[in-house]
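Colleague: One structure follows; several queries about it will come next.
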Amino acid sequence: MMSPRPISEVRGSPHFRQTPLQIIHIVGNLLRIWSVYTMYRYLNQTGASVMLFIFSCLVPSSILFLLLQKPWKGRSLSNTQVIPSVINGAITALYFILWGKGLKSCGPLRAILAEYSGAVLGVLSAVLYGRKGHIWKKVGGLIAMLASFYFLSQGWAVGTLSPFSFKDNHDSEVQTEQVLGMSQMMVPILAGVLSALRRVIARRVSLKNQLKRRLHAITIASATSFLFPVAMWDFIIGSSDSSVELPFSAWPFLSTILFGIILIFYVDSIAEEKLHMVFSSPRHLMAAGGCIIVMEIAYKMDFSLAGFLICSSILGIGIYEATTLERVL
């Protein structure tokens with residue numbers, strides 16, 4: 001008769017030690033996705049400028065990052081670290097511009113899933129540096145990802161448009177508002193590629209976690225500086241077009257600052273360092289998918305669960321094939 005393992009041995013197992021970190025990762029992603037839905041509803045209800053909203057969130061976020069990380073203290077940073085971080089700030093600013101535009105035009109579900117398009121960098125690396133025999137496997141993953149984004153653009157995850165939904169879909173006005181073309185989906189898809197690129201640059205500049213956080217503070221401050229002229233131009237154009245005062249709500253700004261920018265950076269850093277879970281991975285997509293389902297139901301969105309599961313499953317398979325490492329048999 002086999003004796004049960006001691007409790008101390010169970011608690012000492014790697015899986016048991018990772019459970020609190022996995023919970024932190026899921027809660028952090030839930031809060032971040034909650035902030036995205038809050039931001040989307042605020043922008044839709046008020047008609048506020050996406051650029052001004054993001055810039056208003058980046059300013060206090062950059063100040064908080066600088067105060068938390070204090071990049072001017074400790075070991076001095078070299079130019080080979082600071083200059084790429086500043087350039088990474090320009091990429092981050094462009095990412096925020098495209099992602100904000102994509103969020104407003106495509107909705108939170110499509111904008112969040114499109115962030116995983118950064119896995120195409122895995123296909124690019126395979127073409128440039130991988131084995132020739134594995135290229136077609138990567139290309140197959142890329143095709144699966146594109147198919148998933150196409151189905152999303154056609155409204156498969158929308159209750160009134162999905163072929164897997166039993167809701168009444170005879171309202172032509174709703175279909176016109178929700179059906180998108182791939183040209184519109186390309187905006188958040190490009191934002192996802194830029195998001196992956198800025199993560200790759202951050203890893204290449206520094207392999208040490210503490211130094212990576214200090215450089216991230218410089219990157220966010222740089223992104224805020226690059227976004228300043230764009231936000232001011234948007235403010236000037238917007239103020240000349242309309243003199244109507246927009247209602248102000250503190251919660252969309254606070255949730256975006258605390259959860260959407262600051263908290264999610266530390267949560268993703270923990271997931272990458274301790275759980276070995278990068279952003280563009282099927283495991284990360286699975287956690288985000290569960291959070292999206294919760295938010296879609298909580299906000300009573302026009303949602304098709306079956307269509308969403310099919311699109312996210314195809315996307316997950318594509319990401320797996322595009323990013324999986326070559327195995328030596």
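Residue numbers start at 1 in each chain; chains themselves are named A, B, ... in the order of the structure tokens; ligands are numbered from 1 in the order shown.
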From the DSSP assignment of the backbone, select every residue of range 224-315 of chain A that is helix (DSSP H, G or I), and format the answer as a PDB file with N, CA and C atoms, in the first residue's frame.
Modeller:
```pdb
ATOM      1  N   THR A 224       5.755  59.323 -23.223  1.00  0.00           N
ATOM      2  CA  THR A 224       4.928  60.495 -22.880  1.00  0.00           C
ATOM      3  C   THR A 224       5.424  61.732 -23.613  1.00  0.00           C
ATOM      4  N   SER A 225       6.729  61.905 -23.692  1.00  0.00           N
ATOM      5  CA  SER A 225       7.292  63.064 -24.389  1.00  0.00           C
ATOM      6  C   SER A 225       6.985  63.019 -25.879  1.00  0.00           C
ATOM      7  N   PHE A 226       7.104  61.833 -26.484  1.00  0.00           N
ATOM      8  CA  PHE A 226       6.815  61.700 -27.914  1.00  0.00           C
ATOM      9  C   PHE A 226       5.325  61.910 -28.200  1.00  0.00           C
ATOM     10  N   LEU A 227       4.487  61.518 -27.248  1.00  0.00           N
ATOM     11  CA  LEU A 227       3.044  61.639 -27.456  1.00  0.00           C
ATOM     12  C   LEU A 227       2.531  63.058 -27.210  1.00  0.00           C
ATOM     13  N   PHE A 228       3.327  63.881 -26.544  1.00  0.00           N
ATOM     14  CA  PHE A 228       2.894  65.238 -26.195  1.00  0.00           C
ATOM     15  C   PHE A 228       2.478  66.068 -27.417  1.00  0.00           C
ATOM     16  N   PRO A 229       3.313  66.203 -28.476  1.00  0.00           N
ATOM     17  CA  PRO A 229       2.872  67.018 -29.620  1.00  0.00           C
ATOM     18  C   PRO A 229       1.634  66.463 -30.310  1.00  0.00           C
ATOM     19  N   VAL A 230       1.495  65.135 -30.356  1.00  0.00           N
ATOM     20  CA  VAL A 230       0.309  64.530 -30.978  1.00  0.00           C
ATOM     21  C   VAL A 230      -0.939  64.875 -30.175  1.00  0.00           C
ATOM     22  N   ALA A 231      -0.835  64.792 -28.840  1.00  0.00           N
ATOM     23  CA  ALA A 231      -1.975  65.107 -27.982  1.00  0.00           C
ATOM     24  C   ALA A 231      -2.337  66.579 -28.063  1.00  0.00           C
ATOM     25  N   MET A 232      -1.329  67.452 -28.108  1.00  0.00           N
ATOM     26  CA  MET A 232      -1.603  68.887 -28.198  1.00  0.00           C
ATOM     27  C   MET A 232      -2.250  69.245 -29.527  1.00  0.00           C
ATOM     28  N   TRP A 233      -1.782  68.640 -30.615  1.00  0.00           N
ATOM     29  CA  TRP A 233      -2.400  68.888 -31.915  1.00  0.00           C
ATOM     30  C   TRP A 233      -3.847  68.403 -31.924  1.00  0.00           C
ATOM     31  N   ASP A 234      -4.084  67.236 -31.329  1.00  0.00           N
ATOM     32  CA  ASP A 234      -5.448  66.719 -31.242  1.00  0.00           C
ATOM     33  C   ASP A 234      -6.317  67.633 -30.395  1.00  0.00           C
ATOM     34  N   PHE A 235      -5.732  68.200 -29.348  1.00  0.00           N
ATOM     35  CA  PHE A 235      -6.475  69.126 -28.493  1.00  0.00           C
ATOM     36  C   PHE A 235      -6.842  70.406 -29.246  1.00  0.00           C
ATOM     37  N   ILE A 236      -5.900  70.930 -30.038  1.00  0.00           N
ATOM     38  CA  ILE A 236      -6.167  72.157 -30.796  1.00  0.00           C
ATOM     39  C   ILE A 236      -7.237  71.923 -31.854  1.00  0.00           C
ATOM     40  N   ILE A 237      -7.123  70.818 -32.574  1.00  0.00           N
ATOM     41  CA  ILE A 237      -8.125  70.508 -33.599  1.00  0.00           C
ATOM     42  C   ILE A 237      -9.481  70.262 -32.963  1.00  0.00           C
ATOM     43  N   GLY A 238      -9.496  69.528 -31.845  1.00  0.00           N
ATOM     44  CA  GLY A 238     -10.761  69.235 -31.181  1.00  0.00           C
ATOM     45  C   GLY A 238     -11.429  70.458 -30.599  1.00  0.00           C
ATOM     46  N   SER A 239     -10.635  71.375 -30.024  1.00  0.00           N
ATOM     47  CA  SER A 239     -11.210  72.582 -29.429  1.00  0.00           C
ATOM     48  C   SER A 239     -11.753  73.526 -30.487  1.00  0.00           C
ATOM     49  N   SER A 240     -11.174  73.502 -31.680  1.00  0.00           N
ATOM     50  CA  SER A 240     -11.677  74.366 -32.752  1.00  0.00           C
ATOM     51  C   SER A 240     -12.928  73.803 -33.401  1.00  0.00           C
ATOM     52  N   ASP A 241     -13.068  72.467 -33.359  1.00  0.00           N
ATOM     53  CA  ASP A 241     -14.239  71.839 -33.968  1.00  0.00           C
ATOM     54  C   ASP A 241     -15.479  71.929 -33.089  1.00  0.00           C
ATOM     55  N   ALA A 250     -13.496  60.324 -13.054  1.00  0.00           N
ATOM     56  CA  ALA A 250     -12.146  59.991 -12.582  1.00  0.00           C
ATOM     57  C   ALA A 250     -11.826  58.514 -12.715  1.00  0.00           C
ATOM     58  N   TRP A 251     -12.825  57.638 -12.598  1.00  0.00           N
ATOM     59  CA  TRP A 251     -12.543  56.218 -12.552  1.00  0.00           C
ATOM     60  C   TRP A 251     -11.909  55.677 -13.832  1.00  0.00           C
ATOM     61  N   PRO A 252     -12.371  56.022 -15.038  1.00  0.00           N
ATOM     62  CA  PRO A 252     -11.683  55.516 -16.242  1.00  0.00           C
ATOM     63  C   PRO A 252     -10.207  55.896 -16.272  1.00  0.00           C
ATOM     64  N   PHE A 253      -9.867  57.108 -15.841  1.00  0.00           N
ATOM     65  CA  PHE A 253      -8.465  57.535 -15.822  1.00  0.00           C
ATOM     66  C   PHE A 253      -7.684  56.774 -14.759  1.00  0.00           C
ATOM     67  N   LEU A 254      -8.246  56.675 -13.552  1.00  0.00           N
ATOM     68  CA  LEU A 254      -7.543  55.994 -12.460  1.00  0.00           C
ATOM     69  C   LEU A 254      -7.331  54.514 -12.757  1.00  0.00           C
ATOM     70  N   SER A 255      -8.352  53.853 -13.291  1.00  0.00           N
ATOM     71  CA  SER A 255      -8.223  52.422 -13.580  1.00  0.00           C
ATOM     72  C   SER A 255      -7.195  52.175 -14.685  1.00  0.00           C
ATOM     73  N   THR A 256      -7.161  53.061 -15.686  1.00  0.00           N
ATOM     74  CA  THR A 256      -6.182  52.906 -16.757  1.00  0.00           C
ATOM     75  C   THR A 256      -4.767  53.126 -16.236  1.00  0.00           C
ATOM     76  N   ILE A 257      -4.594  54.132 -15.384  1.00  0.00           N
ATOM     77  CA  ILE A 257      -3.267  54.419 -14.826  1.00  0.00           C
ATOM     78  C   ILE A 257      -2.797  53.288 -13.918  1.00  0.00           C
ATOM     79  N   LEU A 258      -3.647  52.914 -12.958  1.00  0.00           N
ATOM     80  CA  LEU A 258      -3.236  51.942 -11.942  1.00  0.00           C
ATOM     81  C   LEU A 258      -3.175  50.521 -12.479  1.00  0.00           C
ATOM     82  N   PHE A 259      -4.222  50.114 -13.218  1.00  0.00           N
ATOM     83  CA  PHE A 259      -4.322  48.727 -13.668  1.00  0.00           C
ATOM     84  C   PHE A 259      -3.810  48.527 -15.094  1.00  0.00           C
ATOM     85  N   GLY A 260      -4.133  49.469 -15.987  1.00  0.00           N
ATOM     86  CA  GLY A 260      -3.824  49.278 -17.396  1.00  0.00           C
ATOM     87  C   GLY A 260      -2.392  49.581 -17.774  1.00  0.00           C
ATOM     88  N   ILE A 261      -1.680  50.369 -16.956  1.00  0.00           N
ATOM     89  CA  ILE A 261      -0.307  50.740 -17.299  1.00  0.00           C
ATOM     90  C   ILE A 261       0.689  50.269 -16.241  1.00  0.00           C
ATOM     91  N   ILE A 262       0.418  50.597 -14.970  1.00  0.00           N
ATOM     92  CA  ILE A 262       1.403  50.322 -13.916  1.00  0.00           C
ATOM     93  C   ILE A 262       1.342  48.871 -13.436  1.00  0.00           C
ATOM     94  N   LEU A 263       0.178  48.450 -12.943  1.00  0.00           N
ATOM     95  CA  LEU A 263       0.075  47.106 -12.361  1.00  0.00           C
ATOM     96  C   LEU A 263       0.386  46.022 -13.376  1.00  0.00           C
ATOM     97  N   ILE A 264      -0.117  46.156 -14.596  1.00  0.00           N
ATOM     98  CA  ILE A 264       0.060  45.091 -15.583  1.00  0.00           C
ATOM     99  C   ILE A 264       1.532  44.918 -15.942  1.00  0.00           C
ATOM    100  N   PHE A 265       2.332  45.984 -15.849  1.00  0.00           N
ATOM    101  CA  PHE A 265       3.764  45.838 -16.133  1.00  0.00           C
ATOM    102  C   PHE A 265       4.422  44.926 -15.104  1.00  0.00           C
ATOM    103  N   TYR A 266       4.128  45.145 -13.832  1.00  0.00           N
ATOM    104  CA  TYR A 266       4.731  44.312 -12.784  1.00  0.00           C
ATOM    105  C   TYR A 266       4.166  42.891 -12.818  1.00  0.00           C
ATOM    106  N   VAL A 267       2.886  42.750 -13.127  1.00  0.00           N
ATOM    107  CA  VAL A 267       2.289  41.417 -13.203  1.00  0.00           C
ATOM    108  C   VAL A 267       2.898  40.621 -14.352  1.00  0.00           C
ATOM    109  N   ASP A 268       3.036  41.246 -15.523  1.00  0.00           N
ATOM    110  CA  ASP A 268       3.651  40.552 -16.654  1.00  0.00           C
ATOM    111  C   ASP A 268       5.123  40.258 -16.394  1.00  0.00           C
ATOM    112  N   SER A 269       5.807  41.137 -15.656  1.00  0.00           N
ATOM    113  CA  SER A 269       7.207  40.882 -15.310  1.00  0.00           C
ATOM    114  C   SER A 269       7.325  39.660 -14.409  1.00  0.00           C
ATOM    115  N   ILE A 270       6.417  39.552 -13.424  1.00  0.00           N
ATOM    116  CA  ILE A 270       6.422  38.381 -12.545  1.00  0.00           C
ATOM    117  C   ILE A 270       6.133  37.113 -13.333  1.00  0.00           C
ATOM    118  N   ALA A 271       5.155  37.184 -14.244  1.00  0.00           N
ATOM    119  CA  ALA A 271       4.804  36.013 -15.051  1.00  0.00           C
ATOM    120  C   ALA A 271       5.975  35.575 -15.922  1.00  0.00           C
ATOM    121  N   GLU A 272       6.709  36.536 -16.447  1.00  0.00           N
ATOM    122  CA  GLU A 272       7.839  36.204 -17.318  1.00  0.00           C
ATOM    123  C   GLU A 272       9.026  35.683 -16.530  1.00  0.00           C
ATOM    124  N   GLU A 273       9.265  36.257 -15.347  1.00  0.00           N
ATOM    125  CA  GLU A 273      10.430  35.873 -14.556  1.00  0.00           C
ATOM    126  C   GLU A 273      10.209  34.578 -13.780  1.00  0.00           C
ATOM    127  N   LYS A 274       9.043  34.455 -13.154  1.00  0.00           N
ATOM    128  CA  LYS A 274       8.787  33.327 -12.251  1.00  0.00           C
ATOM    129  C   LYS A 274       8.029  32.182 -12.911  1.00  0.00           C
ATOM    130  N   PRO A 282       0.188  30.903 -25.727  1.00  0.00           N
ATOM    131  CA  PRO A 282      -1.155  30.346 -25.526  1.00  0.00           C
ATOM    132  C   PRO A 282      -1.614  30.397 -24.075  1.00  0.00           C
ATOM    133  N   ARG A 283      -0.698  30.225 -23.108  1.00  0.00           N
ATOM    134  CA  ARG A 283      -1.084  30.272 -21.687  1.00  0.00           C
ATOM    135  C   ARG A 283      -1.574  31.662 -21.304  1.00  0.00           C
ATOM    136  N   HIS A 284      -0.880  32.679 -21.783  1.00  0.00           N
ATOM    137  CA  HIS A 284      -1.297  34.054 -21.497  1.00  0.00           C
ATOM    138  C   HIS A 284      -2.637  34.346 -22.164  1.00  0.00           C
ATOM    139  N   LEU A 285      -2.811  33.873 -23.387  1.00  0.00           N
ATOM    140  CA  LEU A 285      -4.076  34.066 -24.100  1.00  0.00           C
ATOM    141  C   LEU A 285      -5.220  33.373 -23.374  1.00  0.00           C
ATOM    142  N   MET A 286      -4.970  32.211 -22.810  1.00  0.00           N
ATOM    143  CA  MET A 286      -6.012  31.490 -22.081  1.00  0.00           C
ATOM    144  C   MET A 286      -6.479  32.284 -20.861  1.00  0.00           C
ATOM    145  N   ALA A 287      -5.519  32.852 -20.125  1.00  0.00           N
ATOM    146  CA  ALA A 287      -5.882  33.662 -18.958  1.00  0.00           C
ATOM    147  C   ALA A 287      -6.653  34.907 -19.375  1.00  0.00           C
ATOM    148  N   ALA A 288      -6.195  35.569 -20.438  1.00  0.00           N
ATOM    149  CA  ALA A 288      -6.889  36.769 -20.914  1.00  0.00           C
ATOM    150  C   ALA A 288      -8.269  36.432 -21.450  1.00  0.00           C
ATOM    151  N   GLY A 289      -8.388  35.283 -22.116  1.00  0.00           N
ATOM    152  CA  GLY A 289      -9.688  34.880 -22.654  1.00  0.00           C
ATOM    153  C   GLY A 289     -10.735  34.691 -21.570  1.00  0.00           C
ATOM    154  N   GLY A 290     -10.339  34.071 -20.455  1.00  0.00           N
ATOM    155  CA  GLY A 290     -11.286  33.920 -19.344  1.00  0.00           C
ATOM    156  C   GLY A 290     -11.710  35.257 -18.771  1.00  0.00           C
ATOM    157  N   CYS A 291     -10.763  36.203 -18.685  1.00  0.00           N
ATOM    158  CA  CYS A 291     -11.086  37.540 -18.178  1.00  0.00           C
ATOM    159  C   CYS A 291     -12.014  38.285 -19.143  1.00  0.00           C
ATOM    160  N   ILE A 292     -11.804  38.101 -20.447  1.00  0.00           N
ATOM    161  CA  ILE A 292     -12.669  38.749 -21.442  1.00  0.00           C
ATOM    162  C   ILE A 292     -14.096  38.238 -21.319  1.00  0.00           C
ATOM    163  N   ILE A 293     -14.253  36.936 -21.128  1.00  0.00           N
ATOM    164  CA  ILE A 293     -15.596  36.372 -20.975  1.00  0.00           C
ATOM    165  C   ILE A 293     -16.307  36.990 -19.778  1.00  0.00           C
ATOM    166  N   VAL A 294     -15.590  37.122 -18.668  1.00  0.00           N
ATOM    167  CA  VAL A 294     -16.180  37.728 -17.461  1.00  0.00           C
ATOM    168  C   VAL A 294     -16.617  39.168 -17.741  1.00  0.00           C
ATOM    169  N   MET A 295     -15.761  39.956 -18.403  1.00  0.00           N
ATOM    170  CA  MET A 295     -16.074  41.363 -18.673  1.00  0.00           C
ATOM    171  C   MET A 295     -17.201  41.513 -19.689  1.00  0.00           C
ATOM    172  N   GLU A 296     -17.223  40.651 -20.706  1.00  0.00           N
ATOM    173  CA  GLU A 296     -18.295  40.725 -21.703  1.00  0.00           C
ATOM    174  C   GLU A 296     -19.656  40.458 -21.059  1.00  0.00           C
ATOM    175  N   ILE A 297     -19.695  39.512 -20.145  1.00  0.00           N
ATOM    176  CA  ILE A 297     -20.950  39.214 -19.446  1.00  0.00           C
ATOM    177  C   ILE A 297     -21.286  40.315 -18.454  1.00  0.00           C
ATOM    178  N   ALA A 298     -20.294  40.805 -17.710  1.00  0.00           N
ATOM    179  CA  ALA A 298     -20.535  41.836 -16.702  1.00  0.00           C
ATOM    180  C   ALA A 298     -21.017  43.139 -17.337  1.00  0.00           C
ATOM    181  N   LEU A 305     -20.465  33.489 -26.993  1.00  0.00           N
ATOM    182  CA  LEU A 305     -19.452  32.675 -26.318  1.00  0.00           C
ATOM    183  C   LEU A 305     -18.867  31.628 -27.267  1.00  0.00           C
ATOM    184  N   ALA A 306     -19.730  30.967 -28.031  1.00  0.00           N
ATOM    185  CA  ALA A 306     -19.243  29.921 -28.938  1.00  0.00           C
ATOM    186  C   ALA A 306     -18.317  30.512 -30.000  1.00  0.00           C
ATOM    187  N   GLY A 307     -18.720  31.617 -30.589  1.00  0.00           N
ATOM    188  CA  GLY A 307     -17.889  32.255 -31.603  1.00  0.00           C
ATOM    189  C   GLY A 307     -16.561  32.727 -31.034  1.00  0.00           C
ATOM    190  N   PHE A 308     -16.597  33.269 -29.816  1.00  0.00           N
ATOM    191  CA  PHE A 308     -15.352  33.727 -29.171  1.00  0.00           C
ATOM    192  C   PHE A 308     -14.418  32.569 -28.893  1.00  0.00           C
ATOM    193  N   LEU A 309     -14.957  31.459 -28.392  1.00  0.00           N
ATOM    194  CA  LEU A 309     -14.118  30.299 -28.082  1.00  0.00           C
ATOM    195  C   LEU A 309     -13.477  29.733 -29.343  1.00  0.00           C
ATOM    196  N   ILE A 310     -14.225  29.738 -30.447  1.00  0.00           N
ATOM    197  CA  ILE A 310     -13.669  29.224 -31.701  1.00  0.00           C
ATOM    198  C   ILE A 310     -12.548  30.135 -32.198  1.00  0.00           C
ATOM    199  N   CYS A 311     -12.790  31.453 -32.193  1.00  0.00           N
ATOM    200  CA  CYS A 311     -11.772  32.400 -32.664  1.00  0.00           C
ATOM    201  C   CYS A 311     -10.526  32.371 -31.783  1.00  0.00           C
ATOM    202  N   SER A 312     -10.723  32.356 -30.468  1.00  0.00           N
ATOM    203  CA  SER A 312      -9.569  32.353 -29.559  1.00  0.00           C
ATOM    204  C   SER A 312      -8.818  31.026 -29.631  1.00  0.00           C
ATOM    205  N   SER A 313      -9.524  29.913 -29.877  1.00  0.00           N
ATOM    206  CA  SER A 313      -8.845  28.621 -30.008  1.00  0.00           C
ATOM    207  C   SER A 313      -7.981  28.588 -31.269  1.00  0.00           C
ATOM    208  N   ILE A 314      -8.516  29.102 -32.377  1.00  0.00           N
ATOM    209  CA  ILE A 314      -7.725  29.166 -33.609  1.00  0.00           C
ATOM    210  C   ILE A 314      -6.521  30.069 -33.409  1.00  0.00           C
ATOM    211  N   LEU A 315      -6.736  31.194 -32.721  1.00  0.00           N
ATOM    212  CA  LEU A 315      -5.632  32.113 -32.439  1.00  0.00           C
ATOM    213  C   LEU A 315      -4.580  31.451 -31.558  1.00  0.00           C
TER     214      LEU A 315
END
```
Colleague: Excluding Gly100 in chain A and any residue of its chain fewer than 6 positions from it, enumerate the residues within 8 Å of it, using only C-alpha atoms, and give them as a PyMOL selection string.
Modeller: chain A and resi 50-51+54
Colleague: Could you pull the residues within 12 Å of Gly107 in chain A, counting only C-alpha atoms, minus those fewer than 2 positions along the same chain, as a VMD selection string?
Modeller: chain A and resid 36 to 41 43 to 44 99 to 105 109 to 114 152 to 153 155 157 to 158 177 to 180 184 to 185 187 to 188 292 296 301 to 303
Colleague: If I take CA of Phe55 in chain A and CA of Gly181 in chain A, how far is one from the other in Å, to one decimal?
Modeller: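 Those two atoms sit 28.1 Å apart.
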Colleague: Which residue gives the smallest distance to Lys138 in chain A among A:Gln69, A:Ser49, A:Ser85, A:Ser125, with only C-alpha atoms counted?
Modeller: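 Once distances to Lys138 in chain A are computed over only C-alpha atoms, the minimum belongs to A:Ser125.
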Colleague: Please provide as JSON, numbers by chain all residues within 9 Å of Gly118 in chain A, with the sequence filter that same-chain residues fewer than 3 positions apart are discarded (counting only C-alpha atoms).
Modeller: {"A": [114, 115, 121, 122, 189, 190, 191, 192, 193, 194, 195, 196, 197, 279, 280]}
Colleague: Can I get the selected residues back with N, CA, C and O atoms, as a tab-separated table (two decimals), in the first residue's frame?
Modeller:
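Heads up, here's the output in result_32.tsv:
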```
chain	number	residue	atom	x	y	z
A	114	ALA	N	-6.18	41.25	-30.56
A	114	ALA	CA	-5.24	41.67	-31.61
A	114	ALA	C	-3.85	41.93	-31.04
A	114	ALA	O	-2.86	41.92	-31.80
A	115	GLU	N	-3.75	42.18	-29.72
A	115	GLU	CA	-2.43	42.40	-29.12
A	115	GLU	C	-1.53	41.16	-29.25
A	115	GLU	O	-0.30	41.28	-29.20
A	121	LEU	N	6.35	37.91	-34.89
A	121	LEU	CA	7.80	38.07	-34.80
A	121	LEU	C	8.50	36.72	-34.70
A	121	LEU	O	9.65	36.57	-35.13
A	122	GLY	N	7.79	35.73	-34.13
A	122	GLY	CA	8.33	34.38	-34.08
A	122	GLY	C	8.46	33.78	-35.48
A	122	GLY	O	9.42	33.07	-35.77
A	189	ILE	N	-3.94	45.20	-34.90
A	189	ILE	CA	-2.96	44.16	-35.19
A	189	ILE	C	-1.56	44.74	-35.25
A	189	ILE	O	-0.60	44.20	-34.68
A	190	LEU	N	-1.41	45.89	-35.94
A	190	LEU	CA	-0.11	46.57	-35.98
A	190	LEU	C	0.31	47.02	-34.58
A	190	LEU	O	1.50	46.98	-34.25
A	191	ALA	N	-0.66	47.44	-33.77
A	191	ALA	CA	-0.35	47.81	-32.39
A	191	ALA	C	0.20	46.61	-31.62
A	191	ALA	O	1.13	46.74	-30.82
A	192	GLY	N	-0.37	45.43	-31.86
A	192	GLY	CA	0.13	44.22	-31.21
A	192	GLY	C	1.55	43.88	-31.61
A	192	GLY	O	2.36	43.45	-30.78
A	193	VAL	N	1.87	44.07	-32.90
A	193	VAL	CA	3.23	43.82	-33.37
A	193	VAL	C	4.20	44.80	-32.71
A	193	VAL	O	5.30	44.41	-32.27
A	194	LEU	N	3.81	46.07	-32.62
A	194	LEU	CA	4.67	47.07	-31.97
A	194	LEU	C	4.85	46.76	-30.48
A	194	LEU	O	5.92	46.96	-29.92
A	195	SER	N	3.78	46.26	-29.84
A	195	SER	CA	3.87	45.90	-28.43
A	195	SER	C	4.88	44.78	-28.22
A	195	SER	O	5.68	44.81	-27.27
A	196	ALA	N	4.87	43.78	-29.12
A	196	ALA	CA	5.85	42.70	-29.02
A	196	ALA	C	7.25	43.20	-29.29
A	196	ALA	O	8.21	42.78	-28.63
A	197	LEU	N	7.37	44.12	-30.25
A	197	LEU	CA	8.70	44.66	-30.59
A	197	LEU	C	9.30	45.42	-29.41
A	197	LEU	O	10.50	45.28	-29.12
A	279	PHE	N	4.16	37.24	-22.98
A	279	PHE	CA	2.83	37.77	-23.33
A	279	PHE	C	2.22	37.01	-24.51
A	279	PHE	O	1.09	36.55	-24.44
A	280	SER	N	2.96	36.90	-25.61
A	280	SER	CA	2.43	36.25	-26.82
A	280	SER	C	2.59	34.73	-26.70
A	280	SER	O	3.40	34.12	-27.39
```
Colleague: Mind giving me the straight-line distance from CA of Phe53 in chain A to CA of Ala223 in chain A in Å, one decimal?
Modeller: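 Answer for the CA of Phe53 in chain A to CA of Ala223 in chain A separation: 14.3 Å.
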Colleague: Using only C-alpha atoms, which of A:Val86, A:Phe149, A:His216, A:Ser304 sits nearest Met182 in chain A?
Modeller: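 Checking each of A:Val86, A:Phe149, A:His216, A:Ser304 against Met182 in chain A, counting only C-alpha atoms, the winner is A:Phe149.
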Colleague: Considering only C-alpha atoms, can you say which of A:Thr324, A:Ser117, A:Pro108, A:Ala48 comes closest to Ile33 in chain A?
Modeller: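 Result for the nearest residue to Ile33 in chain A: A:Pro108.
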Colleague: Using only C-alpha atoms, which of the listed residues (A:Leu142, A:Leu275, A:Ile97, A:Ile201) sits closest to Leu52 in chain A?
Modeller: A:Ile97
